[in-house]
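Take a look at the structure set out below.
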Amino acid sequence: MPYSVSIIIVNYNSWQVLSNLLQSLISQTIDPAVIKSLQVVIVDNQSSQAKPDFTRLDARLKKHKLNVEWIYNDRNVGFAGGCNLGAAQANGDLLLFCNPDIEIPEHGLNDLIKTYDSEAVDLLAPMQVNNQGQTQNICGRFPSLSRYIPLLGGLFKQAKNTSHDEALVKCDWISGAVILMRNQDFKQLGGWDEDFFMFMEDVDLCRRAVLNGLTVGMTNRTTWLHHHGVSSKHRLSDRVRSKSAGLAAKHIYIKKHFTAWRKPLAQGLVMLKYMPELILGWLLSWPFPLPVFVSRRLIFHCYIKDLKNGFKKSK
């Protein structure tokens, strides 16, 4: 200590909550004994909504010596791809990957980094609550075959230790909504796997980290606010892309990390779990073209296409 910190934010149509996040950065009380410099890199993944006028906000950021570097993509490369683009511009000792729908409490950065420095952990997340103040489950066990059993899989999702009474809860993986780690470790891991467009890329990153001898944890010494699912709520096409990416991510993760007979069996269980709902929605969408059914028809079409091409990322 002190550390130079690069905050990497990937945005897609999340302008309002992004503004709130940047204002929460302005409100930070930075301890120079903890943070010696702060860099903010925002990657916009070709948002379909126009960027609002951030002139006043930019002026406030500069007044507080927070210079924001913007990267505007000409296409949506997904969360992992956006994070990698931002990380390539980062010069900090520590990287803080942060969703645009996060708000940081006044001493949040100091508390998170002090915990990171004092605890035996390599990838760290703060405790998170939603708009209603409810604690969010942001850590868990690596998916096993049992995780994909229809109807029962949720019983095997929680972390081995889900107590929030300890300063540091060790777990297998933490949510990509907020992850603090060393820049050097990130580079050694090869960054985020861009085969994942959305979802499961955080579990994959943590799994590769653990396989490389790194530790993963969550701390209750600071609690951050997380507004969920903002970017995928705007258009039907966004919701379909989000749900389709979530299904594809399960298959990609299984293909990458499961071995022997567990791999085809897990793939089959995922299909068994989700296919009946999608087929039913597809059938009902024709006589009842309601958005809930039409979206499932479109997700079904994407799922079949992904199955045919082996869930390879389209270029």
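Letters A, B, ... mark the chains of the structure tokens in the order given; residue numbers begin at 1 per chain; ligand numbers begin at 1, in order shown.
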
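Within region 145-277 of chain A, residues classed as strand (DSSP E or B) by DSSP on backbone coordinates are Gln158, Leu168, Val169, Lys170, Trp173, Ile174, Val178, Ile179, Leu180, Met181, Arg182, Val216, Gly217, Met218, Thr219, Asn220, Arg221, Thr222, Thr223, Trp224, Leu225 and His226 of chain A.
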
Each region 152-221 of chain A residue no farther than 10 Å from region 84-93 of chain A, nearest pair in Å, only C-alpha atoms, as a tab-separated table:
```
residue	atom	partner	partner_atom	distance
A:Met181	CA	A:Asp93	CA	8.8
A:Arg182	CA	A:Asp93	CA	6.0
A:Asn183	CA	A:Asp93	CA	5.6
A:Gln184	CA	A:Asp93	CA	7.6
A:Phe186	CA	A:Ala87	CA	8.8
A:Lys187	CA	A:Ala87	CA	9.1
A:Gly190	CA	A:Asn84	CA	9.3
A:Gly191	CA	A:Asn84	CA	6.3
A:Trp192	CA	A:Asn84	CA	6.4
A:Asp193	CA	A:Asn84	CA	8.9
A:Glu194	CA	A:Asn84	CA	8.4
```

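Here CA of Ile252 (chain A) is placed at a distance of 12.4 Å from CA of Pro143 (chain A).
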
**Study point:** Distance query Arg296 (chain A) at most 12 Å, only C-alpha atoms, self and fewer than 6 positions along chain excluded, as a list in words
**Key:** Leu236, Ser237, Arg239, Val240, Arg241, Ser242, Lys243, Ser244, Tyr274, Met275, Pro276, Glu277, Leu278, Ile279, Leu280, Gly281, Trp282, Leu283, Leu284, Ser285, Trp286, Pro289, Leu290, Cys302 and Tyr303 of chain A

Please write the residues from the selection above to a file, keeping N, CA, C and O atoms, as a JSON list (two decimals), in the first residue's frame.
```json
[["chain", "number", "residue", "atom", "x", "y", "z"],
["A", 236, "LEU", "N", -37.18, -5.69, -26.36],
["A", 236, "LEU", "CA", -37.40, -7.12, -26.45],
["A", 236, "LEU", "C", -36.13, -7.82, -26.94],
["A", 236, "LEU", "O", -35.74, -8.86, -26.42],
["A", 237, "SER", "N", -35.46, -7.23, -27.94],
["A", 237, "SER", "CA", -34.25, -7.84, -28.48],
["A", 237, "SER", "C", -33.15, -7.95, -27.42],
["A", 237, "SER", "O", -32.40, -8.93, -27.39],
["A", 239, "ARG", "N", -33.69, -8.27, -24.14],
["A", 239, "ARG", "CA", -34.09, -9.33, -23.21],
["A", 239, "ARG", "C", -33.84, -10.71, -23.81],
["A", 239, "ARG", "O", -33.39, -11.63, -23.12],
["A", 240, "VAL", "N", -34.13, -10.84, -25.10],
["A", 240, "VAL", "CA", -33.89, -12.12, -25.77],
["A", 240, "VAL", "C", -32.40, -12.43, -25.81],
["A", 240, "VAL", "O", -31.98, -13.56, -25.54],
["A", 241, "ARG", "N", -31.59, -11.42, -26.14],
["A", 241, "ARG", "CA", -30.14, -11.63, -26.17],
["A", 241, "ARG", "C", -29.61, -12.03, -24.80],
["A", 241, "ARG", "O", -28.76, -12.91, -24.68],
["A", 242, "SER", "N", -30.13, -11.38, -23.76],
["A", 242, "SER", "CA", -29.68, -11.68, -22.40],
["A", 242, "SER", "C", -30.02, -13.11, -22.02],
["A", 242, "SER", "O", -29.16, -13.86, -21.51],
["A", 243, "LYS", "N", -31.27, -13.51, -22.25],
["A", 243, "LYS", "CA", -31.68, -14.87, -21.88],
["A", 243, "LYS", "C", -30.97, -15.92, -22.73],
["A", 243, "LYS", "O", -30.57, -16.97, -22.23],
["A", 244, "SER", "N", -30.80, -15.64, -24.01],
["A", 244, "SER", "CA", -30.11, -16.58, -24.90],
["A", 244, "SER", "C", -28.65, -16.73, -24.48],
["A", 244, "SER", "O", -28.10, -17.84, -24.48],
["A", 274, "TYR", "N", -34.60, -26.60, -19.74],
["A", 274, "TYR", "CA", -35.09, -25.38, -20.37],
["A", 274, "TYR", "C", -35.92, -25.60, -21.63],
["A", 274, "TYR", "O", -36.74, -24.76, -21.99],
["A", 275, "MET", "N", -35.73, -26.71, -22.32],
["A", 275, "MET", "CA", -36.43, -26.95, -23.57],
["A", 275, "MET", "C", -37.95, -26.97, -23.43],
["A", 275, "MET", "O", -38.67, -26.38, -24.25],
["A", 276, "PRO", "N", -38.53, -27.66, -22.43],
["A", 276, "PRO", "CA", -40.00, -27.70, -22.34],
["A", 276, "PRO", "C", -40.63, -26.31, -22.26],
["A", 276, "PRO", "O", -41.62, -26.03, -22.94],
["A", 277, "GLU", "N", -40.03, -25.42, -21.47],
["A", 277, "GLU", "CA", -40.56, -24.06, -21.34],
["A", 277, "GLU", "C", -40.47, -23.31, -22.67],
["A", 277, "GLU", "O", -41.41, -22.61, -23.07],
["A", 278, "LEU", "N", -39.35, -23.46, -23.36],
["A", 278, "LEU", "CA", -39.16, -22.74, -24.62],
["A", 278, "LEU", "C", -40.08, -23.28, -25.71],
["A", 278, "LEU", "O", -40.65, -22.50, -26.49],
["A", 279, "ILE", "N", -40.23, -24.58, -25.76],
["A", 279, "ILE", "CA", -41.12, -25.18, -26.76],
["A", 279, "ILE", "C", -42.57, -24.77, -26.50],
["A", 279, "ILE", "O", -43.32, -24.44, -27.43],
["A", 280, "LEU", "N", -42.97, -24.78, -25.23],
["A", 280, "LEU", "CA", -44.33, -24.37, -24.88],
["A", 280, "LEU", "C", -44.55, -22.91, -25.27],
["A", 280, "LEU", "O", -45.60, -22.55, -25.84],
["A", 281, "GLY", "N", -43.57, -22.05, -24.97],
["A", 281, "GLY", "CA", -43.69, -20.64, -25.35],
["A", 281, "GLY", "C", -43.76, -20.47, -26.86],
["A", 281, "GLY", "O", -44.52, -19.63, -27.37],
["A", 282, "TRP", "N", -42.97, -21.27, -27.58],
["A", 282, "TRP", "CA", -42.99, -21.22, -29.05],
["A", 282, "TRP", "C", -44.37, -21.59, -29.59],
["A", 282, "TRP", "O", -44.90, -20.92, -30.49],
["A", 283, "LEU", "N", -44.97, -22.64, -29.03],
["A", 283, "LEU", "CA", -46.29, -23.08, -29.48],
["A", 283, "LEU", "C", -47.37, -22.04, -29.17],
["A", 283, "LEU", "O", -48.23, -21.73, -30.01],
["A", 284, "LEU", "N", -47.30, -21.46, -27.96],
["A", 284, "LEU", "CA", -48.33, -20.51, -27.54],
["A", 284, "LEU", "C", -48.18, -19.16, -28.23],
["A", 284, "LEU", "O", -49.15, -18.38, -28.30],
["A", 285, "SER", "N", -46.98, -18.87, -28.73],
["A", 285, "SER", "CA", -46.74, -17.56, -29.34],
["A", 285, "SER", "C", -47.52, -17.35, -30.62],
["A", 285, "SER", "O", -47.77, -16.22, -31.03],
["A", 286, "TRP", "N", -47.92, -18.44, -31.28],
["A", 286, "TRP", "CA", -48.65, -18.30, -32.54],
["A", 286, "TRP", "C", -50.11, -17.92, -32.32],
["A", 286, "TRP", "O", -50.59, -16.93, -32.88],
["A", 289, "PRO", "N", -49.90, -14.10, -29.43],
["A", 289, "PRO", "CA", -48.62, -13.39, -29.63],
["A", 289, "PRO", "C", -48.32, -12.35, -28.56],
["A", 289, "PRO", "O", -48.08, -11.17, -28.85],
["A", 290, "LEU", "N", -48.35, -12.79, -27.30],
["A", 290, "LEU", "CA", -48.02, -11.90, -26.19],
["A", 290, "LEU", "C", -46.50, -11.82, -26.05],
["A", 290, "LEU", "O", -45.79, -12.77, -26.38],
["A", 302, "CYS", "N", -32.84, -18.87, -31.11],
["A", 302, "CYS", "CA", -31.42, -18.63, -30.82],
["A", 302, "CYS", "C", -30.76, -19.86, -30.23],
["A", 302, "CYS", "O", -29.62, -20.20, -30.57],
["A", 303, "TYR", "N", -31.49, -20.55, -29.36],
["A", 303, "TYR", "CA", -30.96, -21.74, -28.69],
["A", 303, "TYR", "C", -30.68, -22.85, -29.70],
["A", 303, "TYR", "O", -29.61, -23.49, -29.67]]
```

Review point. Excluding same-chain residues fewer than 4 positions from Val129 (chain A), what lies within 6 Å of it counting only C-alpha atoms, as a PyMOL selection string?
Key: chain A and resi 133-136+225-226

Closest atom pairs, residues of region 133-251 of chain A within 9 Å of region 75-79 of chain A, only C-alpha atoms, as CSV:
```
residue,atom,partner,partner_atom,distance
A:Trp192,CA,A:Phe79,CA,8.9
A:Glu194,CA,A:Gly78,CA,7.6
A:Phe196,CA,A:Gly78,CA,7.6
A:Phe197,CA,A:Gly78,CA,4.5
A:Met198,CA,A:Phe79,CA,5.7
A:Phe199,CA,A:Phe79,CA,8.3
A:Glu201,CA,A:Phe79,CA,8.3
```

Practice item. List the neighbours of Ala120 (chain A) out to 10 Å using only C-alpha atoms; skip same-chain residues closer than 5 positions along the sequence, and give me the result as a ChimeraX atom specification. Key: /A:115,168,170,214-217

Write out, as a short mmCIF file (atom, residue, chain, number, x, y, z; two decimals), in the first residue's frame, the residues just selected, with N, CA, C and O atoms.
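Contents of the output file again-v4.cif:
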```
data_model
loop_
_atom_site.label_atom_id
_atom_site.label_comp_id
_atom_site.auth_asym_id
_atom_site.auth_seq_id
_atom_site.Cartn_x
_atom_site.Cartn_y
_atom_site.Cartn_z
N THR A 115 -9.33 -4.06 3.14
CA THR A 115 -9.61 -5.48 3.39
C THR A 115 -8.78 -6.36 2.47
O THR A 115 -8.22 -7.38 2.90
N LEU A 168 -14.27 -11.92 6.12
CA LEU A 168 -13.99 -12.49 4.80
C LEU A 168 -14.63 -13.86 4.68
O LEU A 168 -14.37 -14.74 5.50
N LYS A 170 -14.67 -16.99 2.37
CA LYS A 170 -14.00 -17.66 1.25
C LYS A 170 -15.05 -18.44 0.46
O LYS A 170 -15.96 -19.07 1.04
N LEU A 214 -4.93 -19.09 -6.70
CA LEU A 214 -5.43 -17.85 -6.13
C LEU A 214 -6.67 -18.13 -5.28
O LEU A 214 -7.34 -19.15 -5.44
N THR A 215 -6.95 -17.21 -4.36
CA THR A 215 -8.10 -17.36 -3.47
C THR A 215 -9.17 -16.33 -3.81
O THR A 215 -8.87 -15.23 -4.29
N VAL A 216 -10.42 -16.68 -3.51
CA VAL A 216 -11.58 -15.86 -3.86
C VAL A 216 -12.41 -15.63 -2.61
O VAL A 216 -12.59 -16.55 -1.79
N GLY A 217 -12.93 -14.42 -2.43
CA GLY A 217 -13.73 -14.17 -1.25
C GLY A 217 -14.61 -12.95 -1.36
O GLY A 217 -14.52 -12.15 -2.29
#
```

Per residue of region 154-245 of chain A within 9 Å of region 101-112 of chain A, what are the shortest atom pair and its distance in Å to one decimal, counting only C-alpha atoms, with rows by chain and residue number, as a tab-separated table?
```
residue	atom	partner	partner_atom	distance
A:Ala177	CA	A:Ile102	CA	7.7
A:Val178	CA	A:Ile102	CA	8.2
A:Leu180	CA	A:Leu112	CA	8.4
A:Thr219	CA	A:Leu112	CA	7.8
A:Arg221	CA	A:Asp111	CA	6.6
A:Thr222	CA	A:Gly108	CA	5.8
A:Thr223	CA	A:Pro105	CA	7.3
A:Trp224	CA	A:Ile104	CA	5.3
A:Leu225	CA	A:Glu103	CA	5.0
A:His226	CA	A:Ile102	CA	4.6
A:His227	CA	A:Asp101	CA	5.1
A:His228	CA	A:Asp101	CA	6.8
A:Gly229	CA	A:Asp101	CA	8.2
A:Val230	CA	A:Asp101	CA	7.1
A:Ser231	CA	A:Asp101	CA	8.8
```

Exercise for review: Rounded to one decimal place, report the CA of Asn67 (chain A)-CA of Gly81 (chain A) distance in Å.
Suggested key: 22.6 Å

Quick one: everything within 7 Å of region 33-47 of chain A, counting only C-alpha atoms, minus sequence neighbours fewer than 4 positions away in the same chain. Send it as an mmCIF file with N, CA and C atoms, in the first residue's frame.
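Result file is selection_32.cif:
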```cif
data_model
loop_
_atom_site.group_PDB
_atom_site.id
_atom_site.type_symbol
_atom_site.label_atom_id
_atom_site.label_comp_id
_atom_site.auth_asym_id
_atom_site.auth_seq_id
_atom_site.Cartn_x
_atom_site.Cartn_y
_atom_site.Cartn_z
ATOM 1 N N MET A 1 0.844 -1.192 0.000
ATOM 2 C CA MET A 1 0.000 0.000 0.000
ATOM 3 C C MET A 1 0.886 1.252 0.000
ATOM 4 N N PRO A 2 0.386 2.347 -0.523
ATOM 5 C CA PRO A 2 -0.889 2.521 -1.223
ATOM 6 C C PRO A 2 -0.851 1.972 -2.646
ATOM 7 N N TYR A 3 -2.039 1.779 -3.229
ATOM 8 C CA TYR A 3 -2.162 1.191 -4.548
ATOM 9 C C TYR A 3 -2.663 2.209 -5.572
ATOM 10 N N SER A 4 -2.242 2.026 -6.799
ATOM 11 C CA SER A 4 -2.912 2.694 -7.917
ATOM 12 C C SER A 4 -4.041 1.764 -8.358
ATOM 13 N N VAL A 5 -5.217 2.323 -8.586
ATOM 14 C CA VAL A 5 -6.417 1.522 -8.870
ATOM 15 C C VAL A 5 -7.038 1.960 -10.189
ATOM 16 N N SER A 6 -7.341 0.994 -11.033
ATOM 17 C CA SER A 6 -8.063 1.245 -12.285
ATOM 18 C C SER A 6 -9.455 0.644 -12.178
ATOM 19 N N ILE A 7 -10.465 1.493 -12.317
ATOM 20 C CA ILE A 7 -11.858 1.031 -12.284
ATOM 21 C C ILE A 7 -12.332 0.852 -13.714
ATOM 22 N N ILE A 8 -12.806 -0.346 -14.039
ATOM 23 C CA ILE A 8 -13.228 -0.672 -15.404
ATOM 24 C C ILE A 8 -14.731 -0.925 -15.400
ATOM 25 N N ILE A 9 -15.445 -0.154 -16.201
ATOM 26 C CA ILE A 9 -16.907 -0.216 -16.245
ATOM 27 C C ILE A 9 -17.339 -0.489 -17.678
ATOM 28 N N VAL A 10 -18.176 -1.511 -17.867
ATOM 29 C CA VAL A 10 -18.722 -1.809 -19.195
ATOM 30 C C VAL A 10 -20.189 -1.383 -19.201
ATOM 31 N N ASN A 11 -20.522 -0.479 -20.120
ATOM 32 C CA ASN A 11 -21.861 0.097 -20.164
ATOM 33 C C ASN A 11 -22.617 -0.344 -21.416
ATOM 34 N N TYR A 12 -23.919 -0.595 -21.223
ATOM 35 C CA TYR A 12 -24.824 -0.787 -22.356
ATOM 36 C C TYR A 12 -26.192 -0.256 -21.933
ATOM 37 N N ASN A 13 -26.560 0.893 -22.436
ATOM 38 C CA ASN A 13 -27.871 1.498 -22.144
ATOM 39 C C ASN A 13 -28.130 1.696 -20.647
ATOM 40 N N LEU A 66 -10.751 13.196 -11.145
ATOM 41 C CA LEU A 66 -11.155 11.883 -11.652
ATOM 42 C C LEU A 66 -11.343 12.002 -13.164
ATOM 43 N N ASN A 67 -10.324 11.668 -13.900
ATOM 44 C CA ASN A 67 -10.406 11.727 -15.352
ATOM 45 C C ASN A 67 -10.930 10.401 -15.893
ATOM 46 N N VAL A 68 -12.032 10.480 -16.631
ATOM 47 C CA VAL A 68 -12.669 9.283 -17.176
ATOM 48 C C VAL A 68 -12.223 9.081 -18.617
ATOM 49 N N GLU A 69 -11.750 7.884 -18.913
ATOM 50 C CA GLU A 69 -11.371 7.529 -20.278
ATOM 51 C C GLU A 69 -12.501 6.701 -20.890
ATOM 52 N N TRP A 70 -12.994 7.152 -22.046
ATOM 53 C CA TRP A 70 -14.108 6.475 -22.710
ATOM 54 C C TRP A 70 -13.597 5.656 -23.892
ATOM 55 N N ILE A 71 -14.150 4.459 -24.032
ATOM 56 C CA ILE A 71 -13.910 3.630 -25.214
ATOM 57 C C ILE A 71 -15.281 3.327 -25.810
ATOM 58 N N TYR A 72 -15.490 3.744 -27.062
ATOM 59 C CA TYR A 72 -16.781 3.522 -27.721
ATOM 60 C C TYR A 72 -16.632 2.402 -28.753
ATOM 61 N N ASN A 73 -17.283 1.282 -28.489
ATOM 62 C CA ASN A 73 -17.235 0.155 -29.419
ATOM 63 C C ASN A 73 -18.161 0.379 -30.600
ATOM 64 N N ASP A 74 -17.778 -0.169 -31.743
ATOM 65 C CA ASP A 74 -18.657 -0.101 -32.914
ATOM 66 C C ASP A 74 -19.577 -1.314 -32.988
ATOM 67 N N ARG A 75 -19.477 -2.194 -32.001
ATOM 68 C CA ARG A 75 -20.403 -3.325 -31.865
ATOM 69 C C ARG A 75 -20.389 -3.789 -30.421
ATOM 70 N N ASN A 76 -21.412 -4.528 -30.045
ATOM 71 C CA ASN A 76 -21.494 -5.044 -28.679
ATOM 72 C C ASN A 76 -20.670 -6.325 -28.589
ATOM 73 N N VAL A 77 -19.554 -6.260 -27.897
ATOM 74 C CA VAL A 77 -18.658 -7.413 -27.805
ATOM 75 C C VAL A 77 -18.913 -8.241 -26.548
ATOM 76 N N GLY A 82 -15.814 -6.464 -23.343
ATOM 77 C CA GLY A 82 -15.716 -5.082 -22.894
ATOM 78 C C GLY A 82 -14.732 -4.925 -21.745
ATOM 79 N N GLY A 86 -11.261 -2.635 -21.643
ATOM 80 C CA GLY A 86 -10.979 -1.665 -20.592
ATOM 81 C C GLY A 86 -9.689 -1.978 -19.860
ATOM 82 N N ASN A 110 -11.985 2.731 -0.027
ATOM 83 C CA ASN A 110 -10.968 2.561 1.018
ATOM 84 C C ASN A 110 -11.154 1.247 1.757
ATOM 85 N N LYS A 114 -8.525 -1.808 1.745
ATOM 86 C CA LYS A 114 -7.876 -2.129 3.023
ATOM 87 C C LYS A 114 -8.111 -3.592 3.387
#
```

Determine which residues of region 51-208 of chain A receive a DSSP assignment of alpha helix (DSSP H), computed from the backbone, and state them as an mmCIF file with C-alpha atoms, in the first residue's frame.
```
data_model
loop_
_atom_site.group_PDB
_atom_site.id
_atom_site.type_symbol
_atom_site.label_atom_id
_atom_site.label_comp_id
_atom_site.auth_asym_id
_atom_site.auth_seq_id
_atom_site.Cartn_x
_atom_site.Cartn_y
_atom_site.Cartn_z
ATOM 1 C CA THR A 55 -21.073 17.986 -19.260
ATOM 2 C CA ARG A 56 -21.790 18.943 -15.656
ATOM 3 C CA LEU A 57 -20.893 15.513 -14.381
ATOM 4 C CA ASP A 58 -17.633 15.552 -16.341
ATOM 5 C CA ALA A 59 -16.793 18.935 -14.825
ATOM 6 C CA ARG A 60 -17.402 17.597 -11.308
ATOM 7 C CA LEU A 61 -15.264 14.532 -12.039
ATOM 8 C CA LYS A 62 -12.377 16.699 -13.249
ATOM 9 C CA LYS A 63 -12.754 18.981 -10.223
ATOM 10 C CA GLY A 78 -20.286 -8.654 -24.600
ATOM 11 C CA PHE A 79 -19.325 -8.166 -20.976
ATOM 12 C CA ALA A 80 -16.110 -10.196 -21.089
ATOM 13 C CA GLY A 81 -14.953 -8.524 -24.298
ATOM 14 C CA GLY A 82 -15.716 -5.082 -22.894
ATOM 15 C CA CYS A 83 -13.836 -5.817 -19.664
ATOM 16 C CA ASN A 84 -10.791 -6.963 -21.640
ATOM 17 C CA LEU A 85 -10.836 -3.776 -23.727
ATOM 18 C CA GLY A 86 -10.979 -1.665 -20.592
ATOM 19 C CA ALA A 87 -8.257 -3.679 -18.857
ATOM 20 C CA ALA A 88 -5.967 -3.173 -21.843
ATOM 21 C CA GLY A 108 -16.400 1.927 0.037
ATOM 22 C CA LEU A 109 -13.203 2.036 -2.022
ATOM 23 C CA ASN A 110 -10.968 2.561 1.018
ATOM 24 C CA ASP A 111 -12.675 -0.224 2.976
ATOM 25 C CA LEU A 112 -12.574 -2.703 0.094
ATOM 26 C CA ILE A 113 -8.903 -2.118 -0.655
ATOM 27 C CA LYS A 114 -7.876 -2.129 3.023
ATOM 28 C CA THR A 115 -9.614 -5.482 3.391
ATOM 29 C CA TYR A 116 -7.901 -6.729 0.240
ATOM 30 C CA ASP A 117 -4.532 -5.675 1.626
ATOM 31 C CA SER A 118 -5.061 -7.218 5.068
ATOM 32 C CA ASN A 183 -3.511 -6.376 -12.647
ATOM 33 C CA GLN A 184 -0.631 -8.849 -12.772
ATOM 34 C CA ASP A 185 -2.872 -11.777 -11.803
ATOM 35 C CA PHE A 186 -5.436 -10.739 -14.414
ATOM 36 C CA LYS A 187 -2.799 -10.767 -17.136
ATOM 37 C CA GLN A 188 -1.430 -14.132 -16.024
ATOM 38 C CA LEU A 189 -4.923 -15.616 -16.243
ATOM 39 C CA GLU A 201 -17.704 -15.464 -17.322
ATOM 40 C CA ASP A 202 -17.191 -14.551 -13.662
ATOM 41 C CA VAL A 203 -17.468 -18.177 -12.559
ATOM 42 C CA ASP A 204 -15.024 -19.155 -15.295
ATOM 43 C CA LEU A 205 -12.547 -16.431 -14.277
ATOM 44 C CA CYS A 206 -12.697 -17.520 -10.630
ATOM 45 C CA ARG A 207 -12.295 -21.172 -11.557
ATOM 46 C CA ARG A 208 -9.164 -20.444 -13.571
#
```

Practice item. Work out how far apart CA of Lys263 (chain A) and CA of Ile149 (chain A) are and give it in Å to one decimal. Key: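 Between these atoms lies a distance of 13.3 Å.
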
Check your understanding: Restricting the calculation to only C-alpha atoms, which member of A:Gln23, A:Ser295, A:Ser175, A:Gln267 is positioned closest to Asn99 (chain A)?
Key -> A:Ser175

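Proximity ranking of A:Leu96, A:Phe142, A:Ser14, A:Glu166 relative to Ile254 (chain A) places A:Phe142 first, based on only C-alpha atoms.
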
Exercise for review: Identify which of the residues A:Val210, A:Lys305, A:Ser144, A:Pro287 lies closest to Phe258 (chain A), counting only C-alpha atoms when measuring atom-to-atom distances.
Suggested key: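 With only C-alpha atoms as the atom set, the closest residue is A:Ser144.
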